$ cat model.txt   # compact mmCIF, C-alpha atoms and all ligand atoms
# COMPACT_ATOMS: atom_id res chain seq x y z
CA MET A 1 -7.00 10.06 7.36
CA PRO A 2 -3.70 8.30 6.59
CA SER A 3 -0.77 9.41 8.71
CA ILE A 4 3.02 9.47 8.77
CA VAL A 5 4.66 7.47 11.55
CA ASP A 6 8.19 7.04 12.81
CA ALA A 7 10.21 3.90 13.49
CA ALA A 8 9.32 3.89 17.18
CA TRP A 9 5.63 3.83 16.29
CA VAL A 10 6.23 0.83 14.03
CA GLU A 11 8.06 -0.99 16.83
CA ALA A 12 5.29 -0.25 19.33
CA ASN A 13 2.19 -0.99 17.26
CA ASP A 14 2.67 -4.31 15.47
CA PRO A 15 1.36 -3.20 12.07
CA VAL A 16 1.51 -5.14 8.83
CA VAL A 17 4.65 -3.68 7.24
CA ILE A 18 5.07 -3.71 3.48
CA ASP A 19 8.37 -3.07 1.73
CA VAL A 20 7.79 -1.92 -1.86
CA ARG A 21 11.39 -2.11 -3.05
CA GLU A 22 12.42 -4.52 -5.76
CA SER A 23 12.74 -8.06 -4.44
CA TRP A 24 16.52 -8.20 -4.97
CA ALA A 25 16.90 -5.23 -2.58
CA TYR A 26 14.54 -6.76 -0.03
CA ASP A 27 16.49 -10.04 -0.14
CA ALA A 28 20.06 -8.80 -0.53
CA LEU A 29 20.07 -5.62 1.55
CA GLY A 30 17.75 -6.82 4.29
CA HIS A 31 14.53 -5.20 5.40
CA VAL A 32 12.56 -3.98 8.39
CA PRO A 33 12.01 -7.04 10.62
CA GLY A 34 8.70 -8.68 9.79
CA ALA A 35 8.19 -6.67 6.61
CA VAL A 36 6.59 -8.40 3.63
CA ASN A 37 7.83 -7.58 0.13
CA VAL A 38 5.27 -6.28 -2.38
CA PRO A 39 7.39 -4.75 -5.16
CA PHE A 40 6.05 -1.48 -6.50
CA GLU A 41 5.83 -2.69 -10.10
CA THR A 42 3.38 -5.40 -9.03
CA ILE A 43 0.80 -2.86 -7.87
CA ARG A 44 0.72 -0.76 -11.04
CA SER A 45 -1.45 -1.70 -13.95
CA GLY A 46 -0.13 0.54 -16.70
CA GLU A 47 -2.42 -1.33 -19.06
CA ARG A 48 -5.78 0.10 -18.19
CA GLY A 49 -5.57 3.34 -20.15
CA ALA A 50 -4.34 6.77 -19.26
CA GLY A 51 -6.91 7.36 -16.55
CA ASP A 52 -6.22 4.46 -14.26
CA MET A 53 -2.94 3.10 -12.95
CA LEU A 54 -4.58 0.96 -10.28
CA PRO A 55 -4.01 -2.79 -10.36
CA ASP A 56 -6.85 -5.20 -10.92
CA ARG A 57 -8.81 -5.39 -7.67
CA ALA A 58 -8.65 -9.19 -7.50
CA ASP A 59 -4.85 -9.11 -7.90
CA TRP A 60 -4.57 -6.46 -5.20
CA ILE A 61 -6.75 -8.41 -2.78
CA ALA A 62 -4.71 -11.57 -3.39
CA GLN A 63 -1.47 -9.72 -2.65
CA MET A 64 -2.82 -8.17 0.53
CA ARG A 65 -4.22 -11.51 1.73
CA ALA A 66 -0.82 -13.09 1.20
CA ALA A 67 0.76 -10.20 3.12
CA GLY A 68 -1.49 -10.99 6.10
CA LEU A 69 -3.53 -7.79 5.89
CA ARG A 70 -6.93 -7.47 7.56
CA THR A 71 -9.18 -4.42 7.74
CA ASP A 72 -8.58 -4.22 11.50
CA ARG A 73 -4.79 -4.08 11.06
CA ASP A 74 -2.62 -1.01 10.62
CA LEU A 75 -0.62 -0.99 7.41
CA VAL A 76 2.77 0.72 7.21
CA ALA A 77 4.64 1.00 3.90
CA TYR A 78 8.19 2.06 3.12
CA ASP A 79 10.63 2.18 0.21
CA ASP A 80 14.12 3.56 -0.26
CA ASP A 81 13.08 6.66 -2.21
CA HIS A 82 11.93 9.08 0.49
CA GLY A 83 8.54 7.38 0.61
CA VAL A 84 7.19 8.19 -2.83
CA PHE A 85 6.70 4.56 -3.95
CA ALA A 86 5.35 3.52 -0.56
CA ALA A 87 2.89 6.41 -0.69
CA ARG A 88 1.48 5.03 -3.92
CA LEU A 89 0.84 1.65 -2.28
CA LEU A 90 -0.96 3.39 0.57
CA VAL A 91 -3.15 5.44 -1.77
CA THR A 92 -3.93 2.23 -3.65
CA ALA A 93 -5.04 0.65 -0.38
CA LEU A 94 -7.15 3.73 0.37
CA LEU A 95 -8.85 3.62 -3.02
CA PHE A 96 -9.62 -0.08 -2.59
CA GLY A 97 -11.19 0.52 0.80
CA HIS A 98 -8.66 -0.04 3.59
CA PRO A 99 -9.70 2.15 6.56
CA PRO A 100 -7.88 5.48 6.04
CA ASP A 101 -6.87 5.84 9.68
CA ARG A 102 -5.10 2.47 9.47
CA LEU A 103 -2.79 3.60 6.65
CA HIS A 104 0.66 4.92 7.55
CA LEU A 105 3.74 6.02 5.69
CA LEU A 106 7.05 5.33 7.41
CA ASP A 107 8.71 8.70 7.96
CA GLY A 108 12.11 8.18 6.41
CA ASP A 109 12.86 5.32 4.11
CA PHE A 110 14.87 2.11 4.42
CA SER A 111 18.20 3.94 4.32
CA ALA A 112 17.04 6.10 7.21
CA TRP A 113 15.65 3.11 9.13
CA GLN A 114 18.89 1.16 9.01
CA ARG A 115 20.89 3.99 10.57
CA ASP A 116 19.30 3.32 13.97
CA TRP A 117 17.08 0.25 13.81
CA PRO A 118 17.69 -3.45 13.24
CA VAL A 119 17.51 -4.98 9.79
CA SER A 120 16.46 -8.55 9.08
CA GLU A 121 17.17 -11.03 6.33
CA GLU A 122 14.47 -13.45 7.44
CA CYS A 123 11.45 -13.63 5.16
CA PRO A 124 8.23 -13.81 7.16
CA SER A 125 5.44 -16.08 5.98
CA PRO A 126 2.27 -14.49 7.37
CA ASP A 127 -0.92 -16.49 7.59
CA SER A 128 -3.06 -15.72 4.59
CA THR A 129 -6.24 -13.81 5.43
CA ASP A 130 -9.71 -13.35 3.93
CA TYR A 131 -9.07 -9.62 3.43
CA ASP A 132 -11.85 -8.08 1.34
CA PRO A 133 -12.47 -4.43 2.27
CA ASP A 134 -15.71 -2.75 1.27
CA PRO A 135 -15.20 -0.21 -1.49
CA PRO A 136 -14.91 3.24 0.09
CA VAL A 137 -18.01 5.40 0.33
CA ALA A 138 -16.00 8.43 -0.76
CA THR A 139 -12.55 8.83 -2.28
CA PRO A 140 -10.37 11.86 -3.09
CA LEU A 141 -10.46 10.98 -6.80
CA ILE A 142 -11.24 13.68 -9.29
CA GLY A 143 -11.73 13.09 -13.01
CA ARG A 144 -10.88 15.18 -16.05
CA ALA A 145 -14.19 17.05 -15.99
CA GLY A 146 -13.62 17.97 -12.36
CA VAL A 147 -10.15 19.26 -13.15
CA ARG A 148 -11.51 21.26 -16.09
CA SER A 149 -14.01 22.85 -13.75
CA ALA A 150 -11.21 23.52 -11.23
CA VAL A 151 -9.29 25.36 -13.97
CA GLU A 152 -12.34 27.44 -14.83
CA ASN A 153 -13.07 28.29 -11.21
CA ASP A 154 -9.56 29.18 -10.05
CA VAL A 155 -9.32 26.27 -7.65
CA THR A 156 -5.78 25.65 -6.37
CA ILE A 157 -4.24 23.10 -8.77
CA VAL A 158 -0.82 21.79 -7.77
CA ASP A 159 1.73 20.19 -10.10
CA THR A 160 4.13 18.02 -8.10
CA ARG A 161 6.63 17.30 -10.89
CA THR A 162 10.05 18.86 -11.36
CA ARG A 163 10.46 22.50 -12.36
CA GLU A 164 11.71 21.41 -15.79
CA GLU A 165 8.64 19.26 -16.40
CA PHE A 166 6.39 22.06 -15.20
CA ASP A 167 8.07 24.60 -17.49
CA ASP A 168 7.64 22.24 -20.43
CA GLY A 169 3.87 22.46 -20.03
CA HIS A 170 1.29 22.22 -17.27
CA ILE A 171 -2.43 22.41 -16.62
CA PRO A 172 -3.52 26.05 -16.96
CA GLY A 173 -3.20 27.99 -13.73
CA ALA A 174 -1.33 25.22 -11.89
CA ILE A 175 1.09 26.07 -9.09
CA HIS A 176 4.42 24.30 -9.07
CA LEU A 177 5.32 22.30 -5.94
CA ASP A 178 7.90 19.57 -6.53
CA TRP A 179 7.02 16.72 -4.11
CA ARG A 180 10.69 16.74 -3.09
CA ASP A 181 10.23 20.25 -1.70
CA LEU A 182 8.37 18.64 1.22
CA VAL A 183 11.11 16.07 1.89
CA ASP A 184 14.21 16.44 4.04
CA ASP A 185 17.30 15.12 2.26
CA GLU A 186 19.08 14.37 5.54
CA THR A 187 16.32 12.47 7.38
CA ARG A 188 14.90 11.14 4.07
CA GLY A 189 11.45 11.72 5.59
CA VAL A 190 9.08 14.67 5.50
CA ARG A 191 10.29 18.09 6.51
CA ALA A 192 9.30 19.65 9.83
CA PRO A 193 5.74 21.05 9.87
CA GLU A 194 6.90 24.66 10.15
CA GLU A 195 9.16 24.21 7.12
CA ILE A 196 6.31 22.68 5.13
CA ARG A 197 4.01 25.52 6.13
CA ALA A 198 6.64 28.00 4.90
CA VAL A 199 6.98 26.21 1.55
CA LEU A 200 3.20 26.13 1.10
CA ALA A 201 2.86 29.80 2.03
CA ASP A 202 5.62 30.66 -0.43
CA ARG A 203 3.61 28.95 -3.22
CA ASP A 204 0.33 30.47 -2.07
CA ILE A 205 -1.16 27.08 -1.19
CA ALA A 206 -3.61 27.29 1.72
CA LEU A 207 -4.39 24.13 3.65
CA ASP A 208 -8.02 25.09 4.11
CA ASP A 209 -8.61 25.61 0.39
CA ARG A 210 -9.64 22.86 -2.01
CA ILE A 211 -6.41 21.56 -3.60
CA VAL A 212 -6.25 19.46 -6.78
CA LEU A 213 -3.07 17.40 -7.23
CA TYR A 214 -1.56 16.01 -10.40
CA CYS A 215 1.78 14.75 -11.75
CA ASN A 216 2.33 12.41 -14.71
CA THR A 217 0.90 9.09 -13.54
CA ALA A 218 -0.22 9.67 -9.95
CA ARG A 219 2.89 8.36 -8.21
CA ARG A 220 4.42 11.63 -6.97
CA ILE A 221 1.04 13.09 -6.00
CA SER A 222 0.54 10.09 -3.72
CA HIS A 223 3.35 11.37 -1.52
CA THR A 224 2.14 14.97 -1.58
CA TYR A 225 -1.38 13.78 -0.83
CA LEU A 226 -0.23 12.01 2.34
CA VAL A 227 1.88 14.97 3.45
CA LEU A 228 -0.98 17.41 2.95
CA CYS A 229 -3.32 15.09 4.89
CA GLU A 230 -0.75 14.95 7.68
CA MET A 231 -0.65 18.75 7.68
CA GLY A 232 -4.41 18.89 8.14
CA ALA A 233 -5.46 19.86 4.63
CA ALA A 234 -9.22 19.95 4.48
CA ASP A 235 -10.04 19.01 0.90
CA VAL A 236 -7.40 17.43 -1.34
CA ALA A 237 -8.49 16.02 -4.71
CA PHE A 238 -6.40 13.35 -6.43
CA TYR A 239 -6.25 13.33 -10.25
CA GLU A 240 -5.45 9.68 -10.90
CA GLY A 241 -5.19 10.18 -14.67
CA SER A 242 -2.89 13.17 -14.15
CA LEU A 243 -1.13 14.79 -17.09
CA THR A 244 -1.11 11.52 -19.03
CA ASP A 245 -4.89 11.53 -19.16
CA TRP A 246 -5.14 15.30 -19.63
CA GLU A 247 -2.83 15.33 -22.64
CA ALA A 248 -4.30 12.17 -24.16
CA ALA A 249 -7.68 13.90 -24.16
CA GLY A 250 -6.24 16.94 -25.96
CA GLU A 251 -6.94 19.30 -23.06
CA ARG A 252 -5.24 22.69 -22.96
CA ILE A 253 -1.70 22.97 -21.63
CA GLU A 254 0.08 26.22 -20.86
O1 LIG A 301 5.49 10.22 -10.49
S1 LIG A 301 4.82 10.21 -11.78
O2 LIG A 301 3.59 9.43 -11.77
O3 LIG A 301 4.62 11.57 -12.31
S2 LIG A 301 6.02 9.32 -13.04

$ encode --input "model.txt" --output "structure tokens" --more "lines below"
Ligand SMILES: O=S(=O)([O-])[S-]
Amino acid sequence: MPSIVDAAWVEANDPVVIDVRESWAYDALGHVPGAVNVPFETIRSGERGAGDMLPDRADWIAQMRAAGLRTDRDLVAYDDDHGVFAARLLVTALLFGHPPDRLHLLDGDFSAWQRDWPVSEECPSPDSTDYDPDPPVATPLIGRAGVRSAVENDVTIVDTRTREEFDDGHIPGAIHLDWRDLVDDETRGVRAPEEIRAVLADRDIALDDRIVLYCNTARRISHTYLVLCEMGAADVAFYEGSLTDWEAAGERIE
């Protein structure tokens, strides 16, 4: 399973570190020493229809080779938005076959990092690799038919958008859990486990139940997915098409 790691872990473990901020921020504001820049917009397709926001596999592989990634290397990603963009990169890596236990979200974003840790302006040039992970045997992906069946069978469906978006219309029976509810505004990382457990209990979300996640285009659920994995959730399904796909197909909204 992917995990969430702190700055000390990054310092101690020599992972491949990817910064998904825009390149001007990476260049002008500095970055985690050794981090390679892979801007978020370069890993989103947006052109492959409502059900798939993943980049072209060949493009992804080329980017990861240039970043120096290998299947036997740990990959840490960060952004400056409490981890939500970095989480999407990590889920992309998971779906393309990087070993799940080698995927890590930096707990706290760049703003949090630079409070206590050094920042660099040097751009690393890693040796290119022959990275080519095998497609995963199983993924957390769930399609529209699976979500329809989840609605019919009272499976826990979680909407990670804002309250306003949720009130405007959501998948029938969904529970509202804004992804930001699991984030600590001060540390800019995930909240303490006991706080997360309290939030989940308040929403009636049980970690040992099957949980189906959706948002608009599978960015925000990427963060919630990683947090739930970290909390030991047993069975989390990831609706890549999310509400964009659901609405495009004319499915029922309540
Ligand atoms: O985060 S999002 O995919 O709903 S825009």

$ residues_around --input "model.txt" --residues "stretch 182-191 of chain A" --least-positions-apart "3" --cutoff "12 Å" --atoms "only C-alpha atoms" --output "PyMOL selection string"
chain A and resi 3-7+78-84+86-87+105-116+160+177-179+194-200+220-221+223-228+230-231

$ write_last_selection --input "model.txt" --atoms "C-alpha atoms" --output "tab-separated table (two decimals), in the coordinates of the input"
chain	number	residue	atom	x	y	z
A	3	SER	CA	-0.77	9.41	8.71
A	4	ILE	CA	3.02	9.47	8.77
A	5	VAL	CA	4.66	7.47	11.55
A	6	ASP	CA	8.19	7.04	12.81
A	7	ALA	CA	10.21	3.90	13.49
A	78	TYR	CA	8.19	2.06	3.12
A	79	ASP	CA	10.63	2.18	0.21
A	80	ASP	CA	14.12	3.56	-0.26
A	81	ASP	CA	13.08	6.66	-2.21
A	82	HIS	CA	11.93	9.08	0.49
A	83	GLY	CA	8.54	7.38	0.61
A	84	VAL	CA	7.19	8.19	-2.83
A	86	ALA	CA	5.35	3.52	-0.56
A	87	ALA	CA	2.89	6.41	-0.69
A	105	LEU	CA	3.74	6.02	5.69
A	106	LEU	CA	7.05	5.33	7.41
A	107	ASP	CA	8.71	8.70	7.96
A	108	GLY	CA	12.11	8.18	6.41
A	109	ASP	CA	12.86	5.32	4.11
A	110	PHE	CA	14.87	2.11	4.42
A	111	SER	CA	18.20	3.94	4.32
A	112	ALA	CA	17.04	6.10	7.21
A	113	TRP	CA	15.65	3.11	9.13
A	114	GLN	CA	18.89	1.16	9.01
A	115	ARG	CA	20.89	3.99	10.57
A	116	ASP	CA	19.30	3.32	13.97
A	160	THR	CA	4.13	18.02	-8.10
A	177	LEU	CA	5.32	22.30	-5.94
A	178	ASP	CA	7.90	19.57	-6.53
A	179	TRP	CA	7.02	16.72	-4.11
A	194	GLU	CA	6.90	24.66	10.15
A	195	GLU	CA	9.16	24.21	7.12
A	196	ILE	CA	6.31	22.68	5.13
A	197	ARG	CA	4.01	25.52	6.13
A	198	ALA	CA	6.64	28.00	4.90
A	199	VAL	CA	6.98	26.21	1.55
A	200	LEU	CA	3.20	26.13	1.10
A	220	ARG	CA	4.42	11.63	-6.97
A	221	ILE	CA	1.04	13.09	-6.00
A	223	HIS	CA	3.35	11.37	-1.52
A	224	THR	CA	2.14	14.97	-1.58
A	225	TYR	CA	-1.38	13.78	-0.83
A	226	LEU	CA	-0.23	12.01	2.34
A	227	VAL	CA	1.88	14.97	3.45
A	228	LEU	CA	-0.98	17.41	2.95
A	230	GLU	CA	-0.75	14.95	7.68
A	231	MET	CA	-0.65	18.75	7.68

$ closest_residue --input "model.txt" --among "A:Leu54, A:Ala28, A:Ala206, A:Ile142" --to "ligand LIG 301 (chain A)" --atoms "all atoms listed in the file"
A:Leu54

$ closest_atom_pairs --input "model.txt" --of "chain A" --to "ligand LIG 301 (chain A)" --cutoff "7 Å" --atoms "only C-alpha atoms and all ligand atoms" --output "tab-separated table"
residue	atom	partner	partner_atom	distance
A:Arg161	CA	A:LIG301	O3	6.2
A:Cys215	CA	A:LIG301	O3	4.3
A:Asn216	CA	A:LIG301	O3	3.4
A:Thr217	CA	A:LIG301	O2	3.2
A:Ala218	CA	A:LIG301	O2	4.2
A:Arg219	CA	A:LIG301	O2	3.8
A:Arg220	CA	A:LIG301	O1	3.9
A:Ile221	CA	A:LIG301	O1	6.9

$ closest_residue --input "model.txt" --among "A:Ala138, A:Val119, A:Leu95, A:Leu69" --to "A:Leu29" --atoms "only C-alpha atoms"
A:Val119

$ atom_distance --input "model.txt" --atom1 "atom CA of A:Asp208" --atom2 "atom CA of A:Pro2"
17.5 Å

$ residues_around --input "model.txt" --residues "A:Arg70" --least-positions-apart "3" --cutoff "10 Å" --atoms "only C-alpha atoms" --output "PyMOL selection string"
chain A and resi 16+64-65+67+73-75+98+128-133

$ residues_near_point --input "model.txt" --point "(9.0, -2.2, 8.2)" --cutoff "6 Å" --atoms "all atoms listed in the file" --output "ChimeraX atom specification"
/A:17,32,35

$ residues_around --input "model.txt" --residues "A:Ala237" --least-positions-apart "3" --cutoff "9 Å" --atoms "all atoms listed in the file" --output "PDB file with C-alpha atoms, in the frame of the given file"
ATOM      1  CA  THR A 139     -12.550   8.830  -2.280  1.00  0.00           C
ATOM      2  CA  PRO A 140     -10.370  11.860  -3.090  1.00  0.00           C
ATOM      3  CA  LEU A 141     -10.460  10.980  -6.800  1.00  0.00           C
ATOM      4  CA  ILE A 142     -11.240  13.680  -9.290  1.00  0.00           C
ATOM      5  CA  ARG A 210      -9.640  22.860  -2.010  1.00  0.00           C
ATOM      6  CA  ILE A 211      -6.410  21.560  -3.600  1.00  0.00           C
ATOM      7  CA  VAL A 212      -6.250  19.460  -6.780  1.00  0.00           C
ATOM      8  CA  LEU A 213      -3.070  17.400  -7.230  1.00  0.00           C
ATOM      9  CA  TYR A 214      -1.560  16.010 -10.400  1.00  0.00           C
ATOM     10  CA  TYR A 225      -1.380  13.780  -0.830  1.00  0.00           C
TER      11      TYR A 225
END

$ closest_residue --input "model.txt" --among "A:Ser125, A:Thr156, A:Thr42, A:Thr244" --to "A:Phe85" --atoms "all atoms listed in the file"
A:Thr42

$ closest_residue --input "model.txt" --among "A:Tyr239, A:Trp24, A:Phe96, A:Phe166" --to "A:Asn37" --atoms "all atoms listed in the file"
A:Trp24

$ closest_residue --input "model.txt" --among "A:Pro124, A:Gly68, A:Arg144, A:Ile205" --to "A:Val158" --atoms "all atoms listed in the file"
A:Ile205

$ residues_around --input "model.txt" --residues "A:Arg57" --least-positions-apart "2" --cutoff "10 Å" --atoms "only C-alpha atoms" --output "number ranges by chain"
A: 43, 54-55, 59-63, 92, 96, 132

$ residues_near_point --input "model.txt" --point "(12.8, -4.7, 13.7)" --cutoff "7 Å" --atoms "only C-alpha atoms" --output "ChimeraX atom specification"
/A:11,32-34,117-119

$ atom_distance --input "model.txt" --atom1 "atom CA of A:Glu165" --atom2 "atom CA of A:Val236"
22.1 Å

$ closest_residue --input "model.txt" --among "A:Asp56, A:Ala25, A:Ser222, A:Ile171" --to "A:Glu240" --atoms "all atoms listed in the file"
A:Ser222

$ atom_distance --input "model.txt" --atom1 "atom CA of A:His170" --atom2 "atom CA of A:Arg88"
21.8 Å
